[in-house]
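Student: The structure's right below; bear with me while I get my questions together.
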Amino acid sequence: MVKIVIVGGGNVATHLVKAFSKTKEVSLVQLYARNYEHVTHLKHYTPITNNIESLVKADIYIIAVSDDAIAEVSSKINQKNSLIVHTSGSASLNSLKNNGRKGVFYLLQSFSKEKNVDFSTIPFCLEAEDKNDLILLKKLAYSIGEKIYDINSEQRKRLHVAAVFVNNFTNHMYKIGSDICSKHKVPFEVLLPLIQETAKKITELTPEEAQTGPAKRNDQKTIQNHLNLLDSEQQEIYKLITKSIQNNGEKL
């Protein structure tokens with residue numbers, strides 16, 4: 001059985017604690033969080049400490065903290081014979097400053113503490129310096145998930161940028177759409193079937209094939225009508241995205 005310690009008290013750490021506590025292949029022996037009060041709701045899953053000097057012995061230490069804190073936290077884990085991994089999408093393997101074995105255990109998903117997670121649908125992007133450590137990380141990932149990928153640091157950085165576009169930026173588009181609806185007293189829920197159909201469509205078509213709309217058709221009259229309805233900031237975003245769609249269409 002693989003013994004693990006999770007280091008961190010945020011969304012990713014919270015969901016990992018809950019997931020690993022349910023599997024028989026992994027023993028979650030401890031959770032470390034700097035702010036003990038933030039993780040007291042997890043005390044029935046595993047022992048908790050807020051003293052990094054009191055970490056118990058484990059096979060793997062999973063650091064689920066902000067990118068800026070990875071170096072400092074990893075340097076304080078004095079377990080030379082253990083594998084220490086971080087969960088960041090944008091930080092390289094070398095961000096870890098421990099003296100021993102290093103790896104990455106990146107889950108490509110957006111996590112919220114309040115929302116349950118189905119780990120069987122989440123891609124696990126793994127990296128390790130040593131072949132045997134990569135095998136160990138795969139064993140760990142397969143204990144709670146199904147979609148496992150070997151992704152090196154450079155690939156993962158690019159993947160993280162792509163994820164920002166398809167997740168964070170897309171969500172901001174929802175926010176703009178919601179603002180427009182709210183301003184004109186139209187229920188945002190009217191747009192939900194369209195949002196769902198768009199997401200479903202790209203599981204069957206490439207994004208290029210799925211692209212529709214006035215920019216794709218070069219419908220200048222509709223584009224101008226839309227611009228007339230928007231405030232100045234929304235106009236700039238609309239123009240930029242319209243130009244990008246049209247430029248990509250010319251390349252196809």
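Letters A, B, ... go to the chains of the structure tokens in the order shown; residues in each chain start at 1; ligands are counted from 1 in the same order.
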Can you pull out every residue within 10 Å of A:Lys138, counting only C-alpha atoms, but drop anything in the same chain fewer than 6 positions away, and send it as a list in words?

Tutor: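 Near A:Lys138, the qualifying residues are Phe105, Phe124, Cys125, Leu126, Glu127, Asn132, Gly145, Glu146, Ile148, Tyr149 and Asp150 of chain A.
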
Student: How about saving the chosen residues, C-alpha atoms kept, as a PDB file, in the first residue's frame?

Tutor:
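Once everything was written out, this is out_19.pdb:
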ATOM      1  CA  PHE A 105       0.906  15.105 -10.124  1.00  0.00           C
ATOM      2  CA  PHE A 124      -3.891  13.173 -14.617  1.00  0.00           C
ATOM      3  CA  CYS A 125      -0.708  14.643 -16.126  1.00  0.00           C
ATOM      4  CA  LEU A 126       2.310  12.948 -14.578  1.00  0.00           C
ATOM      5  CA  GLU A 127       6.054  13.553 -14.646  1.00  0.00           C
ATOM      6  CA  ASN A 132      10.205   3.835 -11.337  1.00  0.00           C
ATOM      7  CA  GLY A 145      -8.747   8.023 -11.778  1.00  0.00           C
ATOM      8  CA  GLU A 146      -8.726   6.567 -15.268  1.00  0.00           C
ATOM      9  CA  ILE A 148      -3.481   9.090 -17.179  1.00  0.00           C
ATOM     10  CA  TYR A 149      -0.953  10.948 -19.369  1.00  0.00           C
ATOM     11  CA  ASP A 150       2.837  11.273 -19.424  1.00  0.00           C
TER      12      ASP A 150
END

Student: Can I get the residues of stretch 51-148 of chain A within 6 Å of stretch 7-27 of chain A, each with the closest pair of atoms and their distance in Å to one decimal, using only C-alpha atoms, sorted chain first then ascending number, as CSV?

Tutor:
residue,atom,partner,partner_atom,distance
A:Ile62,CA,A:Val7,CA,5.9
A:Ile63,CA,A:Val7,CA,4.7
A:Ala64,CA,A:Gly8,CA,5.0
A:Val65,CA,A:Gly8,CA,5.3
A:Phe111,CA,A:Asn11,CA,5.9
A:Ser112,CA,A:Asn11,CA,5.8
A:Lys113,CA,A:Asn11,CA,5.2

Student: DSSP on the backbone: what in stretch 71-250 of chain A comes out helix (DSSP H, G or I), as a ChimeraX atom specification?

Tutor: /A:71-75,93-95,119-121,131-142,153-183,188-201,207-210,214-217,220-228,232-250

Student: Using only C-alpha atoms, find each residue in stretch 154-203 of chain A having at least one atom no more than 12 Å away from stretch 223-231 of chain A; report its shortest atom-to-atom pair and that distance in Å (one decimal), rows by chain then rising number, as a Markdown table.

Tutor:
| residue | atom | partner | partner_atom | distance |
| --- | --- | --- | --- | --- |
| A:Ile176 | CA | A:Leu230 | CA | 10.3 |
| A:Gly177 | CA | A:Leu230 | CA | 10.9 |
| A:Asp179 | CA | A:Leu230 | CA | 10.8 |
| A:Ile180 | CA | A:Leu230 | CA | 8.4 |
| A:Cys181 | CA | A:Leu230 | CA | 11.8 |
| A:Lys183 | CA | A:Leu230 | CA | 11.1 |
| A:His184 | CA | A:Leu229 | CA | 11.0 |

Student: Write out as a PyMOL selection string which residues come within 8 Å of stretch 50-55 of chain A when counting only C-alpha atoms, dropping same-chain ones fewer than 4 positions away.

Tutor: chain A and resi 5+30+32-36+76-77

Student: Save the residues we just selected, N, CA and C atoms, as a PDB file, in the first residue's frame?

Tutor:
ATOM      1  N   VAL A   5       1.179  11.714   2.120  1.00  0.00           N
ATOM      2  CA  VAL A   5       0.859  12.900   2.915  1.00  0.00           C
ATOM      3  C   VAL A   5       0.483  13.996   1.935  1.00  0.00           C
ATOM      4  N   GLN A  30      -1.609  11.568   6.577  1.00  0.00           N
ATOM      5  CA  GLN A  30      -1.576  12.892   7.208  1.00  0.00           C
ATOM      6  C   GLN A  30      -1.913  13.994   6.203  1.00  0.00           C
ATOM      7  N   TYR A  32      -1.165  18.205   5.967  1.00  0.00           N
ATOM      8  CA  TYR A  32      -0.545  19.405   6.538  1.00  0.00           C
ATOM      9  C   TYR A  32      -1.190  20.626   5.917  1.00  0.00           C
ATOM     10  N   ALA A  33      -1.552  21.590   6.755  1.00  0.00           N
ATOM     11  CA  ALA A  33      -2.046  22.879   6.287  1.00  0.00           C
ATOM     12  C   ALA A  33      -1.545  23.951   7.243  1.00  0.00           C
ATOM     13  N   ARG A  34      -1.042  25.034   6.701  1.00  0.00           N
ATOM     14  CA  ARG A  34      -0.510  26.120   7.532  1.00  0.00           C
ATOM     15  C   ARG A  34      -1.604  26.698   8.422  1.00  0.00           C
ATOM     16  N   ASN A  35      -2.813  26.859   7.850  1.00  0.00           N
ATOM     17  CA  ASN A  35      -3.944  27.366   8.622  1.00  0.00           C
ATOM     18  C   ASN A  35      -4.842  26.195   9.024  1.00  0.00           C
ATOM     19  N   TYR A  36      -4.649  25.730  10.224  1.00  0.00           N
ATOM     20  CA  TYR A  36      -5.358  24.544  10.712  1.00  0.00           C
ATOM     21  C   TYR A  36      -6.875  24.733  10.660  1.00  0.00           C
ATOM     22  N   LYS A  76      11.376  22.384   2.801  1.00  0.00           N
ATOM     23  CA  LYS A  76      11.230  22.089   4.233  1.00  0.00           C
ATOM     24  C   LYS A  76      10.837  20.645   4.507  1.00  0.00           C
ATOM     25  N   ILE A  77      10.605  19.870   3.442  1.00  0.00           N
ATOM     26  CA  ILE A  77      10.253  18.459   3.630  1.00  0.00           C
ATOM     27  C   ILE A  77      11.529  17.632   3.550  1.00  0.00           C
TER      28      ILE A  77
END

Student: Rounded to one decimal, what separation in Å do you get between atom CA of A:Asp67 and atom CA of A:Leu96?

Tutor: 10.2 Å

Student: Excluding A:Ser82 and its own-chain neighbours fewer than 4 positions away, which residues fall within 8 Å of it when counting only C-alpha atoms? Please give them as a list in words.

Tutor: Ala58, Asp59, Ile60, Tyr61, Gly100 and Arg101 of chain A

Student: Based on the selection just made, write N, CA and C atoms of those residues as a PDB file, in the first residue's frame.

Tutor:
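Final output, again.pdb:
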ATOM      1  N   ALA A  58       6.213   8.937   4.782  1.00  0.00           N
ATOM      2  CA  ALA A  58       5.309   8.489   3.716  1.00  0.00           C
ATOM      3  C   ALA A  58       6.114   8.176   2.463  1.00  0.00           C
ATOM      4  N   ASP A  59       5.482   7.463   1.542  1.00  0.00           N
ATOM      5  CA  ASP A  59       6.134   7.161   0.256  1.00  0.00           C
ATOM      6  C   ASP A  59       6.097   8.372  -0.671  1.00  0.00           C
ATOM      7  N   ILE A  60       4.982   9.109  -0.622  1.00  0.00           N
ATOM      8  CA  ILE A  60       4.802  10.261  -1.503  1.00  0.00           C
ATOM      9  C   ILE A  60       4.229  11.436  -0.708  1.00  0.00           C
ATOM     10  N   TYR A  61       4.786  12.621  -0.945  1.00  0.00           N
ATOM     11  CA  TYR A  61       4.244  13.857  -0.390  1.00  0.00           C
ATOM     12  C   TYR A  61       3.694  14.675  -1.557  1.00  0.00           C
ATOM     13  N   GLY A 100      15.701  15.184  -2.587  1.00  0.00           N
ATOM     14  CA  GLY A 100      15.532  13.829  -3.104  1.00  0.00           C
ATOM     15  C   GLY A 100      14.746  13.743  -4.392  1.00  0.00           C
ATOM     16  N   ARG A 101      13.875  12.762  -4.474  1.00  0.00           N
ATOM     17  CA  ARG A 101      13.131  12.452  -5.687  1.00  0.00           C
ATOM     18  C   ARG A 101      12.023  13.485  -5.939  1.00  0.00           C
TER      19      ARG A 101
END

Student: Using only C-alpha atoms, which protein or nucleic acid residues come within 9 Å of stretch 210-213 of chain A? Drop anything in the same chain fewer than 5 positions from it, and give the result as a list in words.

Tutor: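 After dropping sequence-adjacent residues, the list is Thr198, Lys201, Ile202, Glu204, Leu205, Asn218, Asp219 and Ile245 of chain A.
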
Student: Identify, with DSSP run on backbone atoms, the residues in stretch 13-251 of chain A assigned to strand (DSSP E or B), and express the list as a PyMOL selection string.

Tutor: chain A and resi 26-32+48-49+60-63+83-86+101-107+123-128+147-150

Student: For the atom pair atom CA of A:Asp118 and atom CA of A:Ala199, what is the interatomic distance in Å to one decimal place?

Tutor: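 Between atom CA of A:Asp118 and atom CA of A:Ala199 the gap is 17.9 Å.
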